[in-house]
Each structure stands twice: as C-alpha cells, then as structure tokens.
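To start, the structure itself, in structure tokens.
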Amino acid sequence: MSRWARIARWPFWAMLRKEFIQMRRDRANLAMMIGIPAIQLSLFGYAIQTEVRHLPMVVLDESNTPESRSLVQAMVNTGNFDWSGSVRDRTELAAAIGRGDARAGIVIPPEFQRELKRGRTASAQVLIDAADPLASSAAISGAGLAGAERFRALAAERGVTGAIDLRVRPLYNPALRSAVYIVPGIIGVLLSMTMVVIASIAIVRERERGTLEQLVVTPIGKTSLMLGKIVPFLLVGYIQISVILLLGRLLFHVPVRGSVALLYTVALPFIVASLAIGLFLSTLVKTQAQAMQLGFLFLLPNILLSGFMFPREAMPPLAQWIGAALPLTYFLRVLRDILLRGTGLESFWREMVALVGFSIVLIGLSVQRFHKTVE
Amino acid sequence: MSETPDEAIVTKGLRKSFGPLVAVENLDLTVQRGEVFGLLGPNGSGKTTTIRILTGLLEPSGGTALVAGIDVVHSPELVRRRIGYMSQRFGLYDDLTVRENLTFYAGLYGLVGPQRNERIAAQLSEYKLESRAKQLAGTLSGGWKQRLALACATTHEPDLVFLDEPTAGVDPLSRRRFWELIGQRAAQGMTVLVTTHYMDEAERCHRLAFLSRGHLIGLGTPAEITARFGLGSVEDVFIELQRRDEAAA
C-alpha cells in the first residue's frame, strides 16, 4: 500500500467528515457559534462607545476669536464632545465637572489667536473627568485629534505657521488606559471562551448520547478522534475572528495596522490550544452542563489575569504566574502588536513560540487524559 | 494478521470488581467460531460487564481474555479491528442519515473508495435499508434502528460481534427479523455473543451461559440445559437457577 493510500484510510477523515455533516445540520448551533461573538462584541463595544462618545463639555473661551471658536467646533465635530455650555472662569469649570454636569472642559487662553498669528505654538487646555478610564482615554485621543485637525485646517486656509498644543489634564484618575487597547482583547477573550466551551461540549455530548461508547470500540485512535473533533472548529474560530475584526472595524474603528495574514497565522496555535483545553476539560466532567460551568470558570482568570482588563505589570507575583500559564496572555500581546502597533513577528516571536508550545503540550495532555474505556 | 483460531473467545478466571462490588467472578468461558452464544442472567448479573471487558471498554481486575486469539487487555486495538459491537443504548448518530452512519463506521475501519461503497451497498441491501438510506437515523423506529446498528457493526466484516440486549423494546416481528439476520451472519461464519431477556431468543442460540451475581451457574445448548434440569423450557431453567442462586446467597 502506498503512503497516500494509507493516509486515506485514516479514521481521522471519517471523523472529520462526520463532524462537518453534523455541524452543517445543526444550524442553530452554527448560528450561535458565529452570532454570539458578534452580539458580545457589539455589547462590549457599545458599552465602551456610549460612554466615550458625546461627553458633555463646558467651554471657557477667554480668547473669543474665530480661531478659538473653530477649535471648539473641531472638538465637537470629532463626536467625542458635546457643547454643554460656557463658563466664566476656571472655578465654574471645575465645579461643572465636579457636579458631573460636564465630563470635560476646555480652556482657551486670551493669547490663543495672537500666538497663532505670530506663527508660534498656541496652547489650550482640556480637562477631563478621568474617573472612567475608558471614557477619558477616548476623550484624550479625541482632543488630540481635534487639535491636529484644527491645526491642519488653519494652516491650509490661512497659511498660518503656528502650531496648537492641546494640554490634556486627566482629573481624578491619572492612570489612563486606552479603549482601543481593550477591543483587540475582546477577540482573544471571546475566542478562548467559545473554543473551550464548544470543544468540551462536543466530546461530552457524544458521551451523554451514548455514541462515544460505540465509537471507542472501533479501531479509531485517540489522536484521530480528538483531531477529527477539533479541526472543524478551527474553521469556526477563523470565522469568529473575521466577524469580530470586521465588526470591530465597522462599528468601533479598531485599526488593523499590521498584517492580517500574520494575525491569522498566529491565531492557529492559539485556537488549537483553546480547543485542546476544552478537550481536556471534557475528560473531567460527565454532563454538558458541567462542561459549561467549568468552561466559564476557566474564563474568569483569563479575563482578570491575562492583561485583558488590568495591566499584568501591576499584579502580585502569584497572579502574574497564573497569567503566564494562560495562552490568552500571549495571544493578547500579539493581537495588540499586530492591530495597534502594526509590528511583525520580530516583536512577538517569543509569544508565538509560547503559543505553539501550549498547543502541542495541551493536545498531548488531553489525548493522554482521554481513555477509550467507559470507567 | 493471525489466523482466526477455532475459539473465538476464551476467558480464564475473568474477574471485575468496582470497589467492593464484584461484577464478574472467576469466569471461564469458551465460545467457538461461528457460534451464536447467548449470555443470560437477571439485571446486574454481569452480562454487560463481561461484554465490556471483551470489547476493551473495561479493564478486568484479574484473569485473561482472548478474543479472536488476541489478548484483549494487552492489545485492545488489535481486537477492535476484528470485532463489531452494539451497545445496549442506540449508539449511532441521530442527526446523520442511515447511509452517513454506515459511511462513517466503514471509514473508521479504514474502508475507503469503491471498496467502501461496495460494502455499504451490500449492507443496505442485506439489511433492507435501501429505501431508508437518506432518512435521518433519529427518525427511524426502534426495530429499524437496531437493524441499522447491526449493519454498522458488521460493515467491516468482523470475525465476531457483541450484541448487548439488541432487541430490548422492539416489537416481536422486528425481533424475529433481527434474529433471522443474526442467523444469516452466523451461517457465514461470524461468531455472535448476545445478551437477552427474551427466552424465545435464547432458544435460538447454539449455546447459553447463565450468569447470576457475576457467577457462571449454567452452560450448554438449550436442549441440554432443559434436559439436565428436567424442566420444560429455558425460561423455567432460568427462573429455577436464579431462585437457587438467591437461596444460596
């Protein structure tokens, strides 16, 4: 028998084919696997977005010139700020933010127009209620954007050579985090959640329905069985990534600065590792409900310790060690590198190596744990 | 591949305990090739445990078991190529069609291409499943499900099949048809080890073994057994043996 003929006889192919047929037939499940990330991304995304957009802003315009008014207009045009009134002095401004009537304030000094006309850097100050780090960081980026935009517009129209220096001062919470920082993380978190749960359920369901007992009496090897189970889910994983990337771009303007092809490549070991964890969990439980619970239990450290919500650098050593044992920790860094920084393999090859290592070890572990017996 | 020996199954001192509970105790059994061998006994007597050991689903606590001449404890995967198995519960995929279930199981045994298609066509015709080939297995009635399960378990032409209460909850006509199929298989040289609670089915077996609380308490052809006990039917023997065993316990 030639090598190809032997490969064609692998029980793996039968398993793979069967899984695809079942997946295709279970429309509701398929819709859920694709729909859930879309829904969750929208929820996550809009929860962040509604906070950030349209921050009420009070204006202290001491310059009161066409230039200063168009700077305010430019700020409002970014969509991040809404004009909510003028104030007479800094005390009023601070009071408005303190009461929560406004979330931001802009102070344009009297010499704003004069400085610009002299070709110097005109400065203005933006004060932001930073109690909510997500809102404030978006407001800051919005302020920067408005400054730049205004500068370009002025320069183009009037041949003004002066620059604008927008000083942003976060109030109440000087430690800021960026909204875009969190959105790529959602890809990783959602992927790891759905992959772990669907892989564990896939095996447990066969056990519950009694089909596994029939299956393990055939000569199919454990590896064929496991791989045949998870390969179709790779496809689901990639569909999920694409859905999130697309929606993230359309709805929340998440940038893709690096190579998408590279992202899809690095995603492979991460998806495999997540699926392998699911398979491993399936060997610990008896029912689908238990598999779900265990899956969500696993999700918790992923959200808290991977660096998705909180910076790992600030964590105590134990939390850092746990985080280092999670594939998501590494995948998040890769996601942010590719999406936000636009860097390539040279910046995250260590994470890549870690992810490949995770996937191999975890597949090995779950094959090891899985027994072709019924005890 | 080794030659098929004349003894399809040989167990010596087979033993299985789950903690303090002894499910099978010191079981010596020999099943000849081509035999339809019935394993009888009340619920919990160790029938399913015995079958699960012989198919490699359970590891025995002691003793040896040769299936098709192969030690099932040491080489369960080699044994699995030579056997077919029908579990007590319907173990096929409800969301696959009859043909897809057959194709899947054929594939697991390494059947591919024209060879596989031939075997599937042969099974569909032999088990009269052609008209239902495109029907989802989950929508079949009990009798048809059992027939499909037997077809799936024999597509790879195993030396022996293990049938664990294959006709439980199936109507009498379907049961009779099912046993005709078993008879045909045996006539072609396939060994059949079957458990049942139906005494009319027991009478169709070549030989019977009675189990009670894990012990072998009677062995022989249906005629031998009824004659030995001077009773009218296998059912009477079954009840008598169980009564004695319970009295002794």
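Ligands are numbered from 1 in the order shown, residues from 1 within each chain, and chains are lettered A, B, ... in the order they appear in the structure tokens.
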Q.
Can you tell me which residues surround Ile83 (chain B) at a distance of at most 6 Å, considering only C-alpha atoms, apart from same-chain residues fewer than 6 positions away, and format the answer as a ChimeraX atom specification?
A. /B:158-161
Q | Within 7 Å of Asp95 (chain B) using only C-alpha atoms, minus same-chain residues under 5 positions, as number ranges by chain | A | A: 22; B: 136-138
Pull C-alpha atoms from the residues just selected and write them as a CSV table (one decimal), in the first residue's frame.
chain,number,residue,atom,x,y,z
A,22,GLN,CA,-23.3,17.3,11.9
B,136,LEU,CA,-32.1,10.5,9.5
B,137,ALA,CA,-31.3,7.7,11.9
B,138,GLY,CA,-33.1,9.6,14.7
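Distance check against Leu299 (chain A) using only C-alpha atoms: of A:Val196, A:Arg249, A:Val260, A:Leu365, the minimum falls on A:Val196.
For the choices B:Leu92, B:Ala227, B:Leu163, B:Cys152, the atom-to-atom distance to chain A is smallest for B:Leu92 when using only C-alpha atoms.
Within 7 Å of chain B, chain A contributes the residues Arg9, Trp10, Pro11, Ala14, Lys18, Gln22, Gly210, Thr211, Gln214, Val217, Thr218, Pro219, Ile220, Lys372, Thr373, Val374 and Glu375 of chain A, using only C-alpha atoms.
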Grab the residues selected above and save them as a compact mmCIF listing (two decimals), in the first residue's frame with N, CA and C atoms.
# COMPACT_ATOMS: atom_id res chain seq x y z
N ARG A 9 -6.78 6.03 4.47
CA ARG A 9 -7.52 5.09 5.32
C ARG A 9 -7.59 5.51 6.77
N TRP A 10 -6.96 6.61 7.10
CA TRP A 10 -7.01 7.05 8.49
C TRP A 10 -8.46 7.28 8.94
N PRO A 11 -8.81 6.75 10.09
CA PRO A 11 -10.15 7.00 10.63
C PRO A 11 -10.41 8.50 10.84
N ALA A 14 -12.80 10.01 8.34
CA ALA A 14 -14.21 9.67 8.59
C ALA A 14 -14.77 10.56 9.68
N LYS A 18 -17.72 13.37 9.28
CA LYS A 18 -18.91 13.26 10.13
C LYS A 18 -19.16 14.55 10.91
N GLN A 22 -22.45 16.98 10.71
CA GLN A 22 -23.26 17.31 11.88
C GLN A 22 -23.32 18.81 12.11
N GLY A 210 -24.49 8.54 24.28
CA GLY A 210 -24.17 7.12 24.15
C GLY A 210 -23.44 6.77 22.87
N THR A 211 -23.12 7.77 22.06
CA THR A 211 -22.44 7.48 20.80
C THR A 211 -20.94 7.25 21.01
N GLN A 214 -20.03 3.54 21.50
CA GLN A 214 -20.00 2.83 20.23
C GLN A 214 -18.74 3.19 19.44
N VAL A 217 -15.18 1.61 20.57
CA VAL A 217 -14.98 0.18 20.33
C VAL A 217 -14.44 -0.06 18.92
N THR A 218 -14.40 1.01 18.12
CA THR A 218 -13.80 0.89 16.78
C THR A 218 -12.30 1.15 16.90
N PRO A 219 -11.55 0.83 15.83
CA PRO A 219 -10.09 0.99 15.93
C PRO A 219 -9.61 2.45 15.86
N ILE A 220 -10.49 3.42 15.86
CA ILE A 220 -10.04 4.82 15.76
C ILE A 220 -9.12 5.14 16.94
N LYS A 372 -10.01 5.31 26.12
CA LYS A 372 -11.01 4.62 25.32
C LYS A 372 -11.70 3.54 26.15
N THR A 373 -12.02 3.87 27.37
CA THR A 373 -12.78 2.95 28.21
C THR A 373 -13.97 3.72 28.77
N VAL A 374 -14.87 3.01 29.46
CA VAL A 374 -16.09 3.66 29.92
C VAL A 374 -16.10 3.92 31.43
N GLU A 375 -15.00 3.64 32.10
CA GLU A 375 -15.00 3.81 33.56
C GLU A 375 -14.94 5.27 33.96
For Phe178 (chain B): contacts at 9 Å, only C-alpha atoms, fewer than 2 positions along chain excluded, given as a PDB file with C-alpha atoms, in the first residue's frame:
ATOM      1  CA  GLY B 143     -36.723  -2.033  15.017  1.00  0.00           C
ATOM      2  CA  GLN B 146     -31.457  -1.889  15.760  1.00  0.00           C
ATOM      3  CA  ARG B 147     -31.126  -3.157  12.232  1.00  0.00           C
ATOM      4  CA  LEU B 150     -26.219  -4.235  13.389  1.00  0.00           C
ATOM      5  CA  PRO B 166     -30.007  -5.751  20.872  1.00  0.00           C
ATOM      6  CA  THR B 167     -33.768  -6.192  20.807  1.00  0.00           C
ATOM      7  CA  LEU B 173     -41.935  -9.052  14.285  1.00  0.00           C
ATOM      8  CA  SER B 174     -38.856  -6.805  14.232  1.00  0.00           C
ATOM      9  CA  ARG B 175     -37.206  -9.069  16.780  1.00  0.00           C
ATOM     10  CA  ARG B 176     -37.819 -12.117  14.621  1.00  0.00           C
ATOM     11  CA  GLU B 180     -33.005 -14.009  11.043  1.00  0.00           C
ATOM     12  CA  LEU B 181     -30.239 -11.559  10.213  1.00  0.00           C
ATOM     13  CA  ILE B 182     -28.151 -12.824  13.118  1.00  0.00           C
ATOM     14  CA  GLY B 183     -28.706 -16.382  11.864  1.00  0.00           C
TER      15      GLY B 183
END
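For the atom pair formed by CA of Val107 (chain A) and CA of Arg90 (chain A), the distance is 8.0 Å, given to one decimal.
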Q.
Going by DSSP on the backbone, which residues of region 42-206 of chain B come out as strand (DSSP E or B)? List them as a PyMOL selection string.
A. chain B and resi 62-67+70-71+83-86+97+136+160-164+191-195
Q: Per DSSP on the backbone, filter region 262-345 of chain A down to the residues in alpha helix (DSSP H) and report them as a PyMOL selection string.
A: chain A and resi 262-282+288-305+317-324+327-336+345
